$ cat entry-v3.cif   # mmCIF, C-alpha atoms and all ligand atoms
data_my_file
loop_
_atom_site.label_atom_id
_atom_site.label_comp_id
_atom_site.auth_asym_id
_atom_site.auth_seq_id
_atom_site.Cartn_x
_atom_site.Cartn_y
_atom_site.Cartn_z
CA MET W 5 0.00 0.00 0.00
CA ILE W 6 2.98 2.27 0.67
CA ARG W 7 6.34 1.71 -0.96
CA THR W 8 9.45 3.82 -1.16
CA ASN W 9 12.20 3.04 -3.64
CA ASN W 10 15.67 4.25 -2.74
CA LEU W 11 14.22 7.52 -1.52
CA SER W 12 16.62 10.30 -0.65
CA LYS W 13 16.24 13.87 0.57
CA THR W 14 18.94 16.47 0.85
CA TYR W 15 18.49 19.76 2.72
CA GLY W 16 21.22 22.04 1.38
CA ASP W 17 24.23 19.74 1.68
CA PHE W 18 22.76 17.64 4.51
CA ASP W 19 21.55 14.14 3.60
CA ALA W 20 18.43 13.63 5.72
CA LEU W 21 17.36 10.47 3.83
CA ARG W 22 19.98 8.28 2.21
CA GLY W 23 18.14 5.90 -0.09
CA ILE W 24 15.43 4.31 2.02
CA SER W 25 13.18 1.52 0.81
CA LEU W 26 10.12 0.78 2.91
CA HIS W 27 7.17 -1.47 2.31
CA VAL W 28 3.86 -1.11 4.14
CA GLN W 29 1.33 -3.78 3.23
CA GLU W 30 -2.41 -3.26 3.03
CA GLY W 31 -3.98 -3.60 6.48
CA ASP W 32 -0.70 -3.10 8.35
CA ILE W 33 -0.29 -1.06 11.46
CA TYR W 34 3.28 -0.15 10.63
CA GLY W 35 5.60 1.40 13.20
CA PHE W 36 8.19 3.75 11.75
CA ILE W 37 10.78 3.95 14.49
CA GLY W 38 13.95 5.93 14.92
CA PRO W 39 15.62 8.42 17.21
CA ASN W 40 15.03 12.13 16.96
CA GLY W 41 16.50 13.51 13.73
CA ALA W 42 16.57 10.10 11.98
CA GLY W 43 14.36 11.26 9.11
CA LYS W 44 10.87 10.08 10.08
CA THR W 45 9.06 13.38 9.56
CA THR W 46 10.95 14.00 6.32
CA THR W 47 9.77 10.62 5.00
CA ILE W 48 6.22 11.28 6.15
CA LYS W 49 6.16 14.69 4.49
CA ILE W 50 7.28 13.10 1.24
CA LEU W 51 4.58 10.42 1.52
CA THR W 52 1.92 13.04 2.18
CA THR W 53 3.22 15.05 -0.83
CA LEU W 54 4.14 18.09 1.30
CA LEU W 55 7.78 17.73 0.32
CA GLU W 56 9.40 16.44 -2.88
CA PRO W 57 12.15 13.83 -2.68
CA THR W 58 15.61 14.66 -4.01
CA THR W 59 15.92 11.29 -5.76
CA GLY W 60 14.04 8.00 -5.69
CA ASP W 61 10.32 7.51 -5.62
CA ALA W 62 7.47 6.72 -3.25
CA PHE W 63 4.08 5.24 -4.01
CA VAL W 64 0.79 5.17 -2.15
CA ASP W 65 -1.61 2.61 -3.55
CA GLY W 66 0.49 2.62 -6.71
CA LYS W 67 0.38 6.43 -7.14
CA SER W 68 3.69 8.28 -7.36
CA VAL W 69 4.50 11.26 -5.10
CA TRP W 70 6.13 12.94 -8.08
CA ASP W 71 3.19 13.31 -10.41
CA GLN W 72 0.04 12.00 -8.74
CA LYS W 73 -0.09 14.27 -5.69
CA ASP W 74 -3.81 14.99 -5.82
CA ALA W 75 -4.70 11.31 -6.02
CA ILE W 76 -2.45 10.58 -3.04
CA ARG W 77 -3.93 13.38 -0.96
CA GLY W 78 -7.36 11.88 -1.43
CA LEU W 79 -6.11 8.51 -0.23
CA ILE W 80 -4.29 9.69 2.88
CA GLY W 81 -5.41 10.99 6.24
CA TYR W 82 -2.46 12.76 7.87
CA MET W 83 -1.92 13.81 11.45
CA PRO W 84 1.20 15.97 11.82
CA ASP W 85 3.48 15.79 14.87
CA ALA W 86 2.51 19.24 16.09
CA PHE W 87 -0.85 20.95 15.74
CA GLY W 88 -1.08 24.65 15.38
CA VAL W 89 -3.03 26.68 17.89
CA TYR W 90 -6.63 25.52 17.85
CA PRO W 91 -9.19 28.05 16.75
CA ASP W 92 -11.90 29.22 19.11
CA MET W 93 -14.33 26.46 18.11
CA THR W 94 -16.24 23.63 19.70
CA VAL W 95 -15.32 20.06 18.85
CA ASN W 96 -18.44 19.74 16.73
CA GLU W 97 -17.77 22.99 14.84
CA TYR W 98 -14.19 22.00 14.27
CA LEU W 99 -15.09 18.75 12.51
CA HIS W 100 -17.87 20.45 10.54
CA PHE W 101 -15.32 22.96 9.35
CA PHE W 102 -13.04 20.23 7.99
CA ALA W 103 -15.95 18.27 6.54
CA ALA W 104 -16.93 21.41 4.60
CA ALA W 105 -13.32 21.95 3.55
CA TYR W 106 -13.27 18.44 2.09
CA GLY W 107 -16.44 19.17 0.13
CA ILE W 108 -18.74 16.85 2.09
CA ALA W 109 -22.37 17.79 1.32
CA ARG W 110 -24.04 19.82 4.08
CA SER W 111 -26.78 17.21 4.52
CA GLU W 112 -24.19 14.50 5.21
CA ARG W 113 -21.94 16.41 7.59
CA GLN W 114 -23.75 15.85 10.89
CA GLY W 115 -23.97 12.10 10.36
CA LEU W 116 -20.30 11.97 9.45
CA VAL W 117 -19.23 14.08 12.43
CA ASP W 118 -21.34 12.00 14.82
CA GLY W 119 -19.72 8.82 13.53
CA LEU W 120 -16.22 10.25 13.92
CA LEU W 121 -16.95 11.49 17.44
CA GLU W 122 -18.20 8.07 18.39
CA LEU W 123 -15.19 6.33 16.88
CA THR W 124 -12.78 8.56 18.76
CA ASP W 125 -14.81 8.52 22.02
CA LEU W 126 -15.40 12.26 21.93
CA SER W 127 -19.21 12.41 21.67
CA PHE W 128 -19.46 13.61 25.27
CA LYS W 129 -17.20 16.57 24.39
CA GLU W 130 -18.92 17.75 21.22
CA ASP W 131 -19.85 21.12 22.69
CA ALA W 132 -16.56 21.68 24.51
CA LEU W 133 -14.07 24.19 23.18
CA VAL W 134 -11.19 22.43 21.45
CA ASP W 135 -8.70 24.35 23.57
CA SER W 136 -10.20 22.93 26.75
CA LEU W 137 -9.52 19.29 25.80
CA SER W 138 -6.77 17.21 27.36
CA LYS W 139 -3.76 16.32 25.21
CA GLY W 140 -5.11 12.80 24.64
CA MET W 141 -8.50 14.14 23.56
CA GLN W 142 -6.91 16.69 21.24
CA GLN W 143 -4.91 13.85 19.72
CA ARG W 144 -8.13 11.88 19.15
CA LEU W 145 -9.77 14.93 17.64
CA GLY W 146 -6.77 15.25 15.31
CA LEU W 147 -7.37 11.64 14.33
CA ALA W 148 -11.07 12.33 13.70
CA ARG W 149 -10.08 15.26 11.52
CA ALA W 150 -7.68 13.07 9.53
CA LEU W 151 -10.56 10.66 8.88
CA VAL W 152 -13.08 13.16 7.54
CA HIS W 153 -12.64 12.12 3.89
CA ASP W 154 -12.62 8.40 4.75
CA PRO W 155 -9.03 7.80 3.60
CA LYS W 156 -7.69 4.30 2.92
CA VAL W 157 -4.37 5.14 4.52
CA LEU W 158 -3.61 6.93 7.78
CA ILE W 159 -0.22 8.49 8.43
CA LEU W 160 0.36 9.65 11.99
CA ASP W 161 3.56 11.42 13.01
CA GLU W 162 4.44 10.65 16.65
CA PRO W 163 0.82 10.28 17.76
CA ALA W 164 1.74 8.75 21.13
CA ALA W 165 4.32 11.37 22.12
CA GLY W 166 3.35 13.20 25.28
CA LEU W 167 0.41 10.93 26.04
CA ASP W 168 -0.01 9.33 29.45
CA PRO W 169 -0.27 5.52 29.53
CA ARG W 170 -4.05 5.57 29.67
CA ALA W 171 -4.37 7.90 26.68
CA ARG W 172 -1.93 5.66 24.85
CA VAL W 173 -4.10 2.61 25.47
CA GLU W 174 -7.13 4.53 24.17
CA LEU W 175 -5.22 5.50 21.05
CA ARG W 176 -4.24 1.87 20.53
CA GLU W 177 -7.88 0.74 20.78
CA ILE W 178 -8.94 3.27 18.16
CA LEU W 179 -6.12 2.26 15.82
CA ARG W 180 -7.17 -1.39 16.15
CA GLU W 181 -10.72 -0.43 15.28
CA LEU W 182 -9.51 1.49 12.24
CA GLN W 183 -7.45 -1.52 11.19
CA ASN W 184 -10.57 -3.66 11.46
CA MET W 185 -12.33 -1.16 9.20
CA GLY W 186 -9.68 -1.98 6.57
CA LYS W 187 -7.41 1.05 6.93
CA THR W 188 -3.67 0.83 6.50
CA ILE W 189 -1.84 2.80 9.19
CA LEU W 190 1.70 4.10 9.39
CA LEU W 191 2.73 5.75 12.64
CA SER W 192 6.08 7.03 13.79
CA SER W 193 7.74 7.00 17.17
CA HIS W 194 11.18 7.35 18.68
CA ILE W 195 10.45 4.59 21.20
CA LEU W 196 10.18 0.98 20.03
CA SER W 197 8.50 -0.24 23.22
CA GLU W 198 5.81 2.38 22.77
CA LEU W 199 4.73 0.80 19.49
CA GLN W 200 5.50 -2.88 19.79
CA ASP W 201 2.08 -3.70 21.25
CA ILE W 202 0.24 -1.76 18.54
CA CYS W 203 2.12 -2.62 15.35
CA ASN W 204 2.36 -5.79 13.37
CA ARG W 205 5.32 -4.56 11.33
CA VAL W 206 8.07 -2.05 11.97
CA GLY W 207 10.82 -0.26 10.09
CA ILE W 208 13.76 1.15 12.00
CA ILE W 209 15.45 4.25 10.62
CA GLU W 210 18.68 5.75 11.83
CA ARG W 211 20.50 8.76 10.36
CA GLY W 212 18.52 8.54 7.14
CA VAL W 213 19.07 4.80 6.64
CA VAL W 214 16.57 2.00 7.23
CA VAL W 215 18.53 -0.50 9.32
CA ALA W 216 15.77 -3.10 9.66
CA GLU W 217 12.24 -3.84 8.51
CA GLY W 218 9.97 -6.75 9.34
CA SER W 219 7.43 -8.14 11.75
CA VAL W 220 7.81 -7.13 15.38
CA GLU W 221 8.91 -10.71 16.20
CA GLU W 222 11.53 -10.73 13.45
CA ILE W 223 12.96 -7.41 14.56
CA LEU W 224 13.15 -8.39 18.21
CA ASP W 225 14.80 -11.64 17.16
CA ARG W 226 17.33 -9.84 15.01
CA LEU W 227 18.02 -7.38 17.80
CA SER W 228 18.80 -10.24 20.14
CA HIS W 229 21.36 -11.45 17.58
CA ALA W 230 22.86 -8.05 16.83
CA GLY W 231 26.61 -8.01 17.27
CA ARG W 232 26.93 -11.75 16.74
CA ILE W 233 29.77 -13.03 14.64
CA THR W 234 29.03 -16.23 12.79
CA LEU W 235 31.98 -18.35 11.68
CA ARG W 236 33.13 -21.62 10.23
CA THR W 237 36.46 -23.12 11.10
CA ASP W 238 38.32 -26.28 10.17
CA ASP W 239 37.31 -27.70 13.57
CA ASP W 240 34.05 -26.16 14.84
CA GLU W 241 33.80 -28.43 17.85
CA ARG W 242 37.24 -27.46 19.08
CA ALA W 243 36.58 -23.77 18.28
CA LEU W 244 33.42 -23.83 20.39
CA GLN W 245 35.40 -25.29 23.29
CA ILE W 246 38.08 -22.63 23.03
CA LEU W 247 35.64 -19.74 22.70
CA GLY W 248 33.37 -21.00 25.48
CA GLY W 249 36.28 -20.92 27.91
CA HIS W 250 37.79 -17.58 26.89
CA GLU W 251 37.51 -14.57 29.19
CA ALA W 252 36.91 -12.07 26.35
CA VAL W 253 33.93 -14.01 25.01
CA GLY W 254 30.45 -12.90 26.04
CA SER W 255 28.53 -15.86 24.72
CA SER W 256 28.90 -18.51 22.05
CA GLY W 257 26.91 -21.38 20.60
CA VAL W 258 25.64 -23.12 17.49
CA ASP W 259 22.71 -21.67 15.59
CA GLU W 260 19.87 -24.19 15.75
CA GLU W 261 18.62 -23.59 12.24
CA SER W 262 21.83 -23.28 10.25
CA GLY W 263 24.18 -25.27 12.46
CA VAL W 264 26.68 -22.42 12.19
CA LEU W 265 28.90 -21.40 15.08
CA TRP W 266 28.39 -17.94 16.58
CA VAL W 267 30.11 -15.82 19.18
CA THR W 268 29.82 -12.41 20.83
CA PHE W 269 32.63 -10.61 22.60
CA ARG W 270 32.38 -8.58 25.78
CA ASP W 271 34.09 -5.67 24.09
CA PRO W 272 32.81 -5.44 20.52
CA GLU W 273 35.59 -2.98 19.58
CA ASP W 274 38.36 -5.46 18.82
CA ASP W 275 36.38 -8.67 18.41
CA LEU W 276 37.55 -9.75 14.95
CA ALA W 277 41.25 -9.37 15.66
CA LEU W 278 40.79 -11.15 18.96
CA LEU W 279 38.88 -13.98 17.35
CA GLY W 280 41.70 -14.63 14.89
CA ARG W 281 44.31 -14.54 17.69
CA VAL W 282 42.39 -16.79 20.08
CA LEU W 283 41.71 -19.49 17.50
CA GLY W 284 45.09 -19.11 15.79
CA ALA W 285 46.92 -19.65 19.07
CA GLU W 286 45.22 -23.05 19.34
CA GLY W 287 45.90 -23.94 15.72
CA VAL W 288 42.26 -23.69 14.57
CA GLY W 289 41.89 -22.13 11.12
CA LEU W 290 39.05 -19.73 10.15
CA ARG W 291 37.20 -20.46 6.93
CA PHE W 292 34.31 -18.05 6.99
CA LEU W 293 33.30 -15.04 9.02
CA ASP W 294 30.27 -12.80 9.05
CA ARG W 295 28.98 -10.17 11.38
CA ASP W 296 25.48 -8.91 12.10
CA ARG W 297 25.14 -5.16 12.04
CA VAL W 298 26.03 -3.73 15.38
CA SER W 299 24.34 -0.47 14.51
CA LEU W 300 21.03 -2.24 14.86
CA GLU W 301 21.82 -2.96 18.46
CA GLU W 302 22.92 0.61 18.98
CA ALA W 303 19.67 1.80 17.47
CA PHE W 304 17.72 -0.46 19.73
CA MET W 305 19.59 0.62 22.83
CA LYS W 306 18.82 4.22 22.09
CA LEU W 307 15.21 3.47 21.35
CA THR W 308 14.52 1.36 24.38
CA GLN W 309 16.21 3.85 26.65
CA GLY W 310 13.36 6.12 25.67
CA LEU W 311 15.42 8.88 24.20
CA VAL W 312 13.68 12.16 24.90
CA GLN W 313 12.30 14.06 21.97
N1 LIG J 1 13.80 22.05 6.47
C1 LIG J 1 14.95 21.50 6.90
N2 LIG J 1 16.14 22.09 6.60
C2 LIG J 1 17.31 21.55 7.01
N3 LIG J 1 17.41 20.42 7.73
C3 LIG J 1 16.26 19.80 8.08
C4 LIG J 1 14.98 20.30 7.68
N4 LIG J 1 14.03 19.46 8.15
C5 LIG J 1 14.68 18.49 8.81
N5 LIG J 1 16.02 18.68 8.78
C6 LIG J 1 17.05 17.80 9.35
O1 LIG J 1 16.88 16.51 8.78
C7 LIG J 1 17.07 15.51 9.74
C8 LIG J 1 15.83 14.64 9.82
O2 LIG J 1 14.77 15.40 10.37
P1 LIG J 1 13.33 14.78 10.60
O3 LIG J 1 12.87 14.15 9.35
O4 LIG J 1 12.47 15.83 11.18
O5 LIG J 1 13.65 13.63 11.69
P2 LIG J 1 12.68 12.90 12.75
O6 LIG J 1 11.26 13.21 12.39
O7 LIG J 1 13.04 11.47 12.63
O8 LIG J 1 13.04 13.46 14.09
C9 LIG J 1 17.39 16.20 11.06
O9 LIG J 1 18.79 16.24 11.22
C10 LIG J 1 16.85 17.60 10.83
O10 LIG J 1 17.60 18.54 11.59
MG MG J 2 9.74 14.01 13.50
#

$ encode --input "entry-v3.cif" --output "structure tokens"
Amino acid sequence: MIRTNNLSKTYGDFDALRGISLHVQEGDIYGFIGPNGAGKTTTIKILTTLLEPTTGDAFVDGKSVWDQKDAIRGLIGYMPDAFGVYPDMTVNEYLHFFAAAYGIARSERQGLVDGLLELTDLSFKEDALVDSLSKGMQQRLGLARALVHDPKVLILDEPAAGLDPRARVELREILRELQNMGKTILLSSHILSELQDICNRVGIIERGVVVAEGSVEEILDRLSHAGRITLRTDDDERALQILGGHEAVGSSGVDEESGVLWVTFRDPEDDLALLGRVLGAEGVGLRFLDRDRVSLEEAFMKLTQGLVQ
């Protein structure tokens, strides 16, 4: 439903996006995760056609952000990361205003607004001034506004930021309901743990590069392997013995699926050199060596530490 192909964006001489390729399937609740400054909002602005890419392409339901902007705008409901100051309007008036702006017939507006208020649990606040709402309620109103034209795709930039745990649970319930209605949802966050209960798939972006994409289970699994070195030697059994007893080794074992030997070192800085020395000293020869990306682990550490925005 959403696809980016080698998308890049340069601001002046700063590369904010360095060739990212994402894939959001129809019906996904997709978590777009990365620390502050990673390029999430830039990507989202390109997808919502507010910003043109420098190179590469992005598609929403097969429509290109380069030359089918109007079609894409009709398909997408967008909630930006920061709202402007709310006008002096009631909740009801506010949604009527946007319904009119989207060209919904006058006779249909009240029914539409009532439905949106019900969906976002705001019916009891319809006559309240928008300014008087709590942060969580304003966020839900923003969501209602993004749904006025019944878009297929919802793109929400940091919708859970600044919400208390209860408001977050409420947001999650609404997103589930929208998923059940057949919407595809992309939402961003700088905290993986904040999204892992809501999303079925995630993409992790760091410094303008997508370092991982997959189901939540796959990503957590890969994270637990990050920093592993896999290797083959001319005597794996002996190598495992040597590594298992070495003080510099964090953990070692044999991968159940592939049968390949793996090892992690306590200090990842000089692991490869050390590995060669340790095995070489015992006369075991290396035949093959591969390393998982450590940057994924770094990304995860930052994310799970709940980096402040
Ligand atoms: N209009 C702009 N001009 C120059 N640099 C920008 C602009 N917008 C964003 N950036 C830079 O691009 C990088 C990515 O920003 P952004 O997409 O907002 O990241 P995120 O939403 O993940 O926090 C950041 O380093 C940011 O400072
Ligand atoms: Mg942002």

$ axis_aligned_box --input "entry-v3.cif" --around "region 100-117 of chain W" --padding-each-side "6 Å" --output "JSON"
{"center_x": -19.9, "center_y": 17.5, "center_z": 6.3, "size_x": 25.7, "size_y": 23.0, "size_z": 24.3}

$ residues_around --input "entry-v3.cif" --residues "Ser127 (chain W)" --least-positions-apart "2" --cutoff "12 Å" --atoms "only C-alpha atoms" --output "MDAnalysis selection string"
chainID W and resid 94:96 99 117:125 129:132 141 144:145 148

$ residues_around --input "entry-v3.cif" --residues "region 70-81 of chain W" --least-positions-apart "6" --cutoff "12 Å" --atoms "all atoms listed in the file" --output "ChimeraX atom specification"
/W:5-6,8,11,48-64,106-107,146-161,182,187-191

$ atom_distance --input "entry-v3.cif" --atom1 "CA of Ser219 (chain W)" --atom2 "CA of Val206 (chain W)"
6.1 Å

$ closest_residue --input "entry-v3.cif" --among "W:Arg110, W:Arg176, W:Lys44, W:His27" --to "ligand LIG 1 (chain J)" --atoms "all atoms listed in the file"
W:Lys44

$ closest_atom_pairs --input "entry-v3.cif" --of "chain W" --to "ligand MG 2 (chain J)" --cutoff "7 Å" --atoms "all atoms listed in the file" --output "JSON lines"
{"residue": "W:Asn40", "atom": "CA", "partner": "J:MG2", "partner_atom": "MG", "distance": 6.6}
{"residue": "W:Gly41", "atom": "CA", "partner": "J:MG2", "partner_atom": "MG", "distance": 6.8}
{"residue": "W:Gly43", "atom": "CA", "partner": "J:MG2", "partner_atom": "MG", "distance": 6.9}
{"residue": "W:Lys44", "atom": "CA", "partner": "J:MG2", "partner_atom": "MG", "distance": 5.3}
{"residue": "W:Thr45", "atom": "CA", "partner": "J:MG2", "partner_atom": "MG", "distance": 4.0}
{"residue": "W:Asp85", "atom": "CA", "partner": "J:MG2", "partner_atom": "MG", "distance": 6.7}
{"residue": "W:Asp161", "atom": "CA", "partner": "J:MG2", "partner_atom": "MG", "distance": 6.7}

$ decode --input "entry-v3.cif" --residues "region 32-88 of chain W" --atoms "C-alpha atoms" --output "compact mmCIF listing (two decimals), in the first residue's frame"
# COMPACT_ATOMS: atom_id res chain seq x y z
CA ASP W 32 -0.70 -3.10 8.35
CA ILE W 33 -0.29 -1.06 11.46
CA TYR W 34 3.28 -0.15 10.63
CA GLY W 35 5.60 1.40 13.20
CA PHE W 36 8.19 3.75 11.75
CA ILE W 37 10.78 3.95 14.49
CA GLY W 38 13.95 5.93 14.92
CA PRO W 39 15.62 8.42 17.21
CA ASN W 40 15.03 12.13 16.96
CA GLY W 41 16.50 13.51 13.73
CA ALA W 42 16.57 10.10 11.98
CA GLY W 43 14.36 11.26 9.11
CA LYS W 44 10.87 10.08 10.08
CA THR W 45 9.06 13.38 9.56
CA THR W 46 10.95 14.00 6.32
CA THR W 47 9.77 10.62 5.00
CA ILE W 48 6.22 11.28 6.15
CA LYS W 49 6.16 14.69 4.49
CA ILE W 50 7.28 13.10 1.24
CA LEU W 51 4.58 10.42 1.52
CA THR W 52 1.92 13.04 2.18
CA THR W 53 3.22 15.05 -0.83
CA LEU W 54 4.14 18.09 1.30
CA LEU W 55 7.78 17.73 0.32
CA GLU W 56 9.40 16.44 -2.88
CA PRO W 57 12.15 13.83 -2.68
CA THR W 58 15.61 14.66 -4.01
CA THR W 59 15.92 11.29 -5.76
CA GLY W 60 14.04 8.00 -5.69
CA ASP W 61 10.32 7.51 -5.62
CA ALA W 62 7.47 6.72 -3.25
CA PHE W 63 4.08 5.24 -4.01
CA VAL W 64 0.79 5.17 -2.15
CA ASP W 65 -1.61 2.61 -3.55
CA GLY W 66 0.49 2.62 -6.71
CA LYS W 67 0.38 6.43 -7.14
CA SER W 68 3.69 8.28 -7.36
CA VAL W 69 4.50 11.26 -5.10
CA TRP W 70 6.13 12.94 -8.08
CA ASP W 71 3.19 13.31 -10.41
CA GLN W 72 0.04 12.00 -8.74
CA LYS W 73 -0.09 14.27 -5.69
CA ASP W 74 -3.81 14.99 -5.82
CA ALA W 75 -4.70 11.31 -6.02
CA ILE W 76 -2.45 10.58 -3.04
CA ARG W 77 -3.93 13.38 -0.96
CA GLY W 78 -7.36 11.88 -1.43
CA LEU W 79 -6.11 8.51 -0.23
CA ILE W 80 -4.29 9.69 2.88
CA GLY W 81 -5.41 10.99 6.24
CA TYR W 82 -2.46 12.76 7.87
CA MET W 83 -1.92 13.81 11.45
CA PRO W 84 1.20 15.97 11.82
CA ASP W 85 3.48 15.79 14.87
CA ALA W 86 2.51 19.24 16.09
CA PHE W 87 -0.85 20.95 15.74
CA GLY W 88 -1.08 24.65 15.38
